[in-house]
Structures are given as structure tokens and as C-alpha cells.
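Everything below concerns the one structure shown next.
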Amino acid sequence: MLAAFYGMRRSEVLGLRWKSIDFRNKKITISHTVSRLKFNGQTQMIAKNKTKNKYSFRTFLLIP
């Protein structure tokens, strides 16, 4: 639902943390991503404390 409504990438949705959601000000901040990488036939999860580019770091208003 988040990906469809906000147009978020899969890595952004997977990277959401509770601290990314500000219920008091009703905002979600995208600042962390989780991606899947295949290396030597094994799949690994890569977590990053940054987004794809500087324009990907953004804040959305929460839907009711």
C-alpha cells in the first residue's frame, strides 16, 4: 500500500524503520534502504543508511 500510494521503491519500503515515522507531525521520512544482492550464487541483503540519490531522501505526509 505504501509503495502504491507514495510511489516508493521496494528498497525504500523494506528500509522503513519505526523511527522514520513521525506520528505526532504525521510524516514519513525516507532515509534508509534495504536491497537484495546476488553474489557467487548466494543472495545477501544490503542495508544502507542512505538513499539512491539526494532526491530520494524525502518526506511524505501520512495518509489518514
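Ordering of the C-alpha cells sets the chain letters (A, B, ...), residue numbers begin anew at 1 in every chain, and ligands are numbered from 1 in the order given.
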
| field | Expected answer as a PyMOL selection string: helix (DSSP H, G or I) residues in chain A | value | chain A and resi 2-6+10-14+18-20

| query | Quick one: residues within 7 Å of stretch 48-60 of chain A, only C-alpha atoms counted, chain neighbours fewer than 4 positions away excluded, as a PyMOL selection string? | reply | chain A and resi 27-34

| task | Excluding A:Lys26 and any residue of its chain fewer than 6 positions from it, enumerate the residues within 12 Å of it, using only C-alpha atoms, and give them as a list of chain:residue names. | result | A:Ser20, A:Thr59, A:Phe60, A:Leu61, A:Leu62, A:Ile63, A:Pro64

What does the file look like for those residues with all heavy atoms, as a short mmCIF file (atom, residue, chain, number, x, y, z; two decimals), in the first residue's frame?
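As a result, out_27.cif now contains:
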data_model
loop_
_atom_site.label_atom_id
_atom_site.label_comp_id
_atom_site.auth_asym_id
_atom_site.auth_seq_id
_atom_site.Cartn_x
_atom_site.Cartn_y
_atom_site.Cartn_z
N SER A 20 11.43 6.25 11.40
CA SER A 20 11.19 7.01 10.17
C SER A 20 9.78 7.59 10.13
O SER A 20 9.49 8.43 9.29
CB SER A 20 11.37 6.11 8.94
OG SER A 20 12.67 5.61 8.88
N THR A 59 10.33 13.37 2.40
CA THR A 59 9.35 13.22 3.46
C THR A 59 7.96 13.30 2.86
O THR A 59 7.69 14.14 1.99
CB THR A 59 9.53 14.35 4.51
OG1 THR A 59 10.86 14.26 5.03
CG2 THR A 59 8.55 14.20 5.65
N PHE A 60 7.08 12.40 3.33
CA PHE A 60 5.69 12.35 2.88
C PHE A 60 4.77 12.60 4.06
O PHE A 60 5.09 12.24 5.19
CB PHE A 60 5.34 10.96 2.31
CG PHE A 60 6.13 10.57 1.11
CD1 PHE A 60 7.07 9.56 1.20
CD2 PHE A 60 5.92 11.18 -0.11
CE1 PHE A 60 7.79 9.16 0.10
CE2 PHE A 60 6.65 10.78 -1.23
CZ PHE A 60 7.58 9.77 -1.13
N LEU A 61 3.61 13.18 3.78
CA LEU A 61 2.57 13.28 4.79
C LEU A 61 1.88 11.93 4.92
O LEU A 61 1.62 11.27 3.91
CB LEU A 61 1.56 14.36 4.43
CG LEU A 61 2.09 15.79 4.40
CD1 LEU A 61 1.00 16.74 3.90
CD2 LEU A 61 2.57 16.21 5.76
N LEU A 62 1.58 11.51 6.15
CA LEU A 62 0.88 10.24 6.36
C LEU A 62 -0.55 10.33 5.84
O LEU A 62 -1.22 11.37 5.97
CB LEU A 62 0.82 9.91 7.85
CG LEU A 62 2.07 9.31 8.46
CD1 LEU A 62 1.88 9.18 9.98
CD2 LEU A 62 2.37 7.96 7.87
N ILE A 63 -1.03 9.25 5.26
CA ILE A 63 -2.43 9.20 4.83
C ILE A 63 -3.28 8.92 6.06
O ILE A 63 -2.82 8.30 7.02
CB ILE A 63 -2.64 8.13 3.73
CG1 ILE A 63 -2.14 6.77 4.20
CG2 ILE A 63 -1.97 8.53 2.45
CD1 ILE A 63 -2.39 5.65 3.22
N PRO A 64 -4.51 9.39 6.07
CA PRO A 64 -5.37 9.16 7.25
C PRO A 64 -5.63 7.69 7.52
O PRO A 64 -5.61 6.87 6.68
CB PRO A 64 -6.68 9.87 6.89
CG PRO A 64 -6.37 10.76 5.74
CD PRO A 64 -5.17 10.21 5.08
#

| field | Length of the atom CA of A:Thr43 to atom CA of A:Lys19 vector [Å] | value |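 These atoms are spaced 27.2 Å apart.
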
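Across stretch 6-50 of chain A, DSSP run on the backbone finds strand (DSSP E or B) at Ile21, Asp22, Lys27, Ile28, Thr29, Ile30, Thr33, Val34, Ser35, Arg36, Leu37, Lys38, Phe39, Gln42, Thr43, Gln44, Met45, Ile46, Ala47 and Lys48 of chain A.
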
Write the selection just made, keeping N, CA, C and O atoms, as a PDB file, in the first residue's frame?
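For reference, selection-v7.pdb as written:
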ATOM      1  N   ILE A  21       8.924   7.112  11.031  1.00  0.00           N
ATOM      2  CA  ILE A  21       7.531   7.559  11.046  1.00  0.00           C
ATOM      3  C   ILE A  21       7.316   8.484  12.232  1.00  0.00           C
ATOM      4  O   ILE A  21       7.549   8.111  13.371  1.00  0.00           O
ATOM      5  N   ASP A  22       6.893   9.694  11.935  1.00  0.00           N
ATOM      6  CA  ASP A  22       6.613  10.697  12.969  1.00  0.00           C
ATOM      7  C   ASP A  22       5.098  10.828  13.080  1.00  0.00           C
ATOM      8  O   ASP A  22       4.466  11.519  12.287  1.00  0.00           O
ATOM      9  N   LYS A  27       4.185  12.401   9.453  1.00  0.00           N
ATOM     10  CA  LYS A  27       5.103  12.364   8.323  1.00  0.00           C
ATOM     11  C   LYS A  27       5.897  11.071   8.307  1.00  0.00           C
ATOM     12  O   LYS A  27       6.142  10.460   9.341  1.00  0.00           O
ATOM     13  N   ILE A  28       6.316  10.647   7.101  1.00  0.00           N
ATOM     14  CA  ILE A  28       7.221   9.512   6.906  1.00  0.00           C
ATOM     15  C   ILE A  28       8.449  10.061   6.175  1.00  0.00           C
ATOM     16  O   ILE A  28       8.316  10.747   5.167  1.00  0.00           O
ATOM     17  N   THR A  29       9.636   9.747   6.695  1.00  0.00           N
ATOM     18  CA  THR A  29      10.873  10.195   6.072  1.00  0.00           C
ATOM     19  C   THR A  29      11.612   8.987   5.507  1.00  0.00           C
ATOM     20  O   THR A  29      11.826   7.998   6.202  1.00  0.00           O
ATOM     21  N   ILE A  30      11.977   9.067   4.237  1.00  0.00           N
ATOM     22  CA  ILE A  30      12.727   8.004   3.573  1.00  0.00           C
ATOM     23  C   ILE A  30      14.207   8.345   3.682  1.00  0.00           C
ATOM     24  O   ILE A  30      14.679   9.308   3.084  1.00  0.00           O
ATOM     25  N   THR A  33      17.617   2.345   3.149  1.00  0.00           N
ATOM     26  CA  THR A  33      17.169   1.378   2.143  1.00  0.00           C
ATOM     27  C   THR A  33      17.728  -0.006   2.440  1.00  0.00           C
ATOM     28  O   THR A  33      18.752  -0.147   3.100  1.00  0.00           O
ATOM     29  N   VAL A  34      17.026  -1.014   1.957  1.00  0.00           N
ATOM     30  CA  VAL A  34      17.483  -2.406   2.041  1.00  0.00           C
ATOM     31  C   VAL A  34      17.334  -3.001   0.647  1.00  0.00           C
ATOM     32  O   VAL A  34      16.256  -2.972   0.061  1.00  0.00           O
ATOM     33  N   SER A  35      18.426  -3.532   0.110  1.00  0.00           N
ATOM     34  CA  SER A  35      18.429  -4.123  -1.228  1.00  0.00           C
ATOM     35  C   SER A  35      18.915  -5.558  -1.171  1.00  0.00           C
ATOM     36  O   SER A  35      19.634  -5.947  -0.254  1.00  0.00           O
ATOM     37  N   ARG A  36      18.542  -6.325  -2.174  1.00  0.00           N
ATOM     38  CA  ARG A  36      18.971  -7.716  -2.285  1.00  0.00           C
ATOM     39  C   ARG A  36      20.033  -7.798  -3.366  1.00  0.00           C
ATOM     40  O   ARG A  36      19.882  -7.231  -4.444  1.00  0.00           O
ATOM     41  N   LEU A  37      21.119  -8.526  -3.079  1.00  0.00           N
ATOM     42  CA  LEU A  37      22.240  -8.649  -3.998  1.00  0.00           C
ATOM     43  C   LEU A  37      22.615 -10.110  -4.127  1.00  0.00           C
ATOM     44  O   LEU A  37      22.702 -10.821  -3.127  1.00  0.00           O
ATOM     45  N   LYS A  38      22.805 -10.576  -5.365  1.00  0.00           N
ATOM     46  CA  LYS A  38      23.277 -11.941  -5.598  1.00  0.00           C
ATOM     47  C   LYS A  38      24.759 -11.898  -5.867  1.00  0.00           C
ATOM     48  O   LYS A  38      25.228 -11.175  -6.748  1.00  0.00           O
ATOM     49  N   PHE A  39      25.542 -12.660  -5.082  1.00  0.00           N
ATOM     50  CA  PHE A  39      26.988 -12.679  -5.212  1.00  0.00           C
ATOM     51  C   PHE A  39      27.469 -14.114  -5.059  1.00  0.00           C
ATOM     52  O   PHE A  39      27.200 -14.761  -4.046  1.00  0.00           O
ATOM     53  N   GLN A  42      24.856 -16.690  -4.073  1.00  0.00           N
ATOM     54  CA  GLN A  42      24.155 -16.521  -2.803  1.00  0.00           C
ATOM     55  C   GLN A  42      23.501 -15.152  -2.761  1.00  0.00           C
ATOM     56  O   GLN A  42      24.054 -14.162  -3.253  1.00  0.00           O
ATOM     57  N   THR A  43      22.328 -15.100  -2.163  1.00  0.00           N
ATOM     58  CA  THR A  43      21.596 -13.847  -2.025  1.00  0.00           C
ATOM     59  C   THR A  43      21.914 -13.227  -0.672  1.00  0.00           C
ATOM     60  O   THR A  43      21.871 -13.908   0.347  1.00  0.00           O
ATOM     61  N   GLN A  44      22.228 -11.938  -0.697  1.00  0.00           N
ATOM     62  CA  GLN A  44      22.523 -11.218   0.535  1.00  0.00           C
ATOM     63  C   GLN A  44      21.688  -9.949   0.587  1.00  0.00           C
ATOM     64  O   GLN A  44      21.384  -9.349  -0.439  1.00  0.00           O
ATOM     65  N   MET A  45      21.326  -9.543   1.797  1.00  0.00           N
ATOM     66  CA  MET A  45      20.593  -8.305   1.998  1.00  0.00           C
ATOM     67  C   MET A  45      21.596  -7.210   2.373  1.00  0.00           C
ATOM     68  O   MET A  45      22.426  -7.404   3.256  1.00  0.00           O
ATOM     69  N   ILE A  46      21.510  -6.080   1.695  1.00  0.00           N
ATOM     70  CA  ILE A  46      22.403  -4.955   1.930  1.00  0.00           C
ATOM     71  C   ILE A  46      21.585  -3.794   2.485  1.00  0.00           C
ATOM     72  O   ILE A  46      20.675  -3.294   1.824  1.00  0.00           O
ATOM     73  N   ALA A  47      21.883  -3.386   3.709  1.00  0.00           N
ATOM     74  CA  ALA A  47      21.192  -2.257   4.329  1.00  0.00           C
ATOM     75  C   ALA A  47      22.095  -1.027   4.240  1.00  0.00           C
ATOM     76  O   ALA A  47      23.291  -1.106   4.505  1.00  0.00           O
ATOM     77  N   LYS A  48      21.502   0.090   3.837  1.00  0.00           N
ATOM     78  CA  LYS A  48      22.258   1.339   3.694  1.00  0.00           C
ATOM     79  C   LYS A  48      21.556   2.452   4.453  1.00  0.00           C
ATOM     80  O   LYS A  48      20.328   2.545   4.426  1.00  0.00           O
TER      81      LYS A  48
END

| query | atom CA of A:Gly15 and atom CA of A:Gly41 are how many Å apart? | reply | 23.6 Å
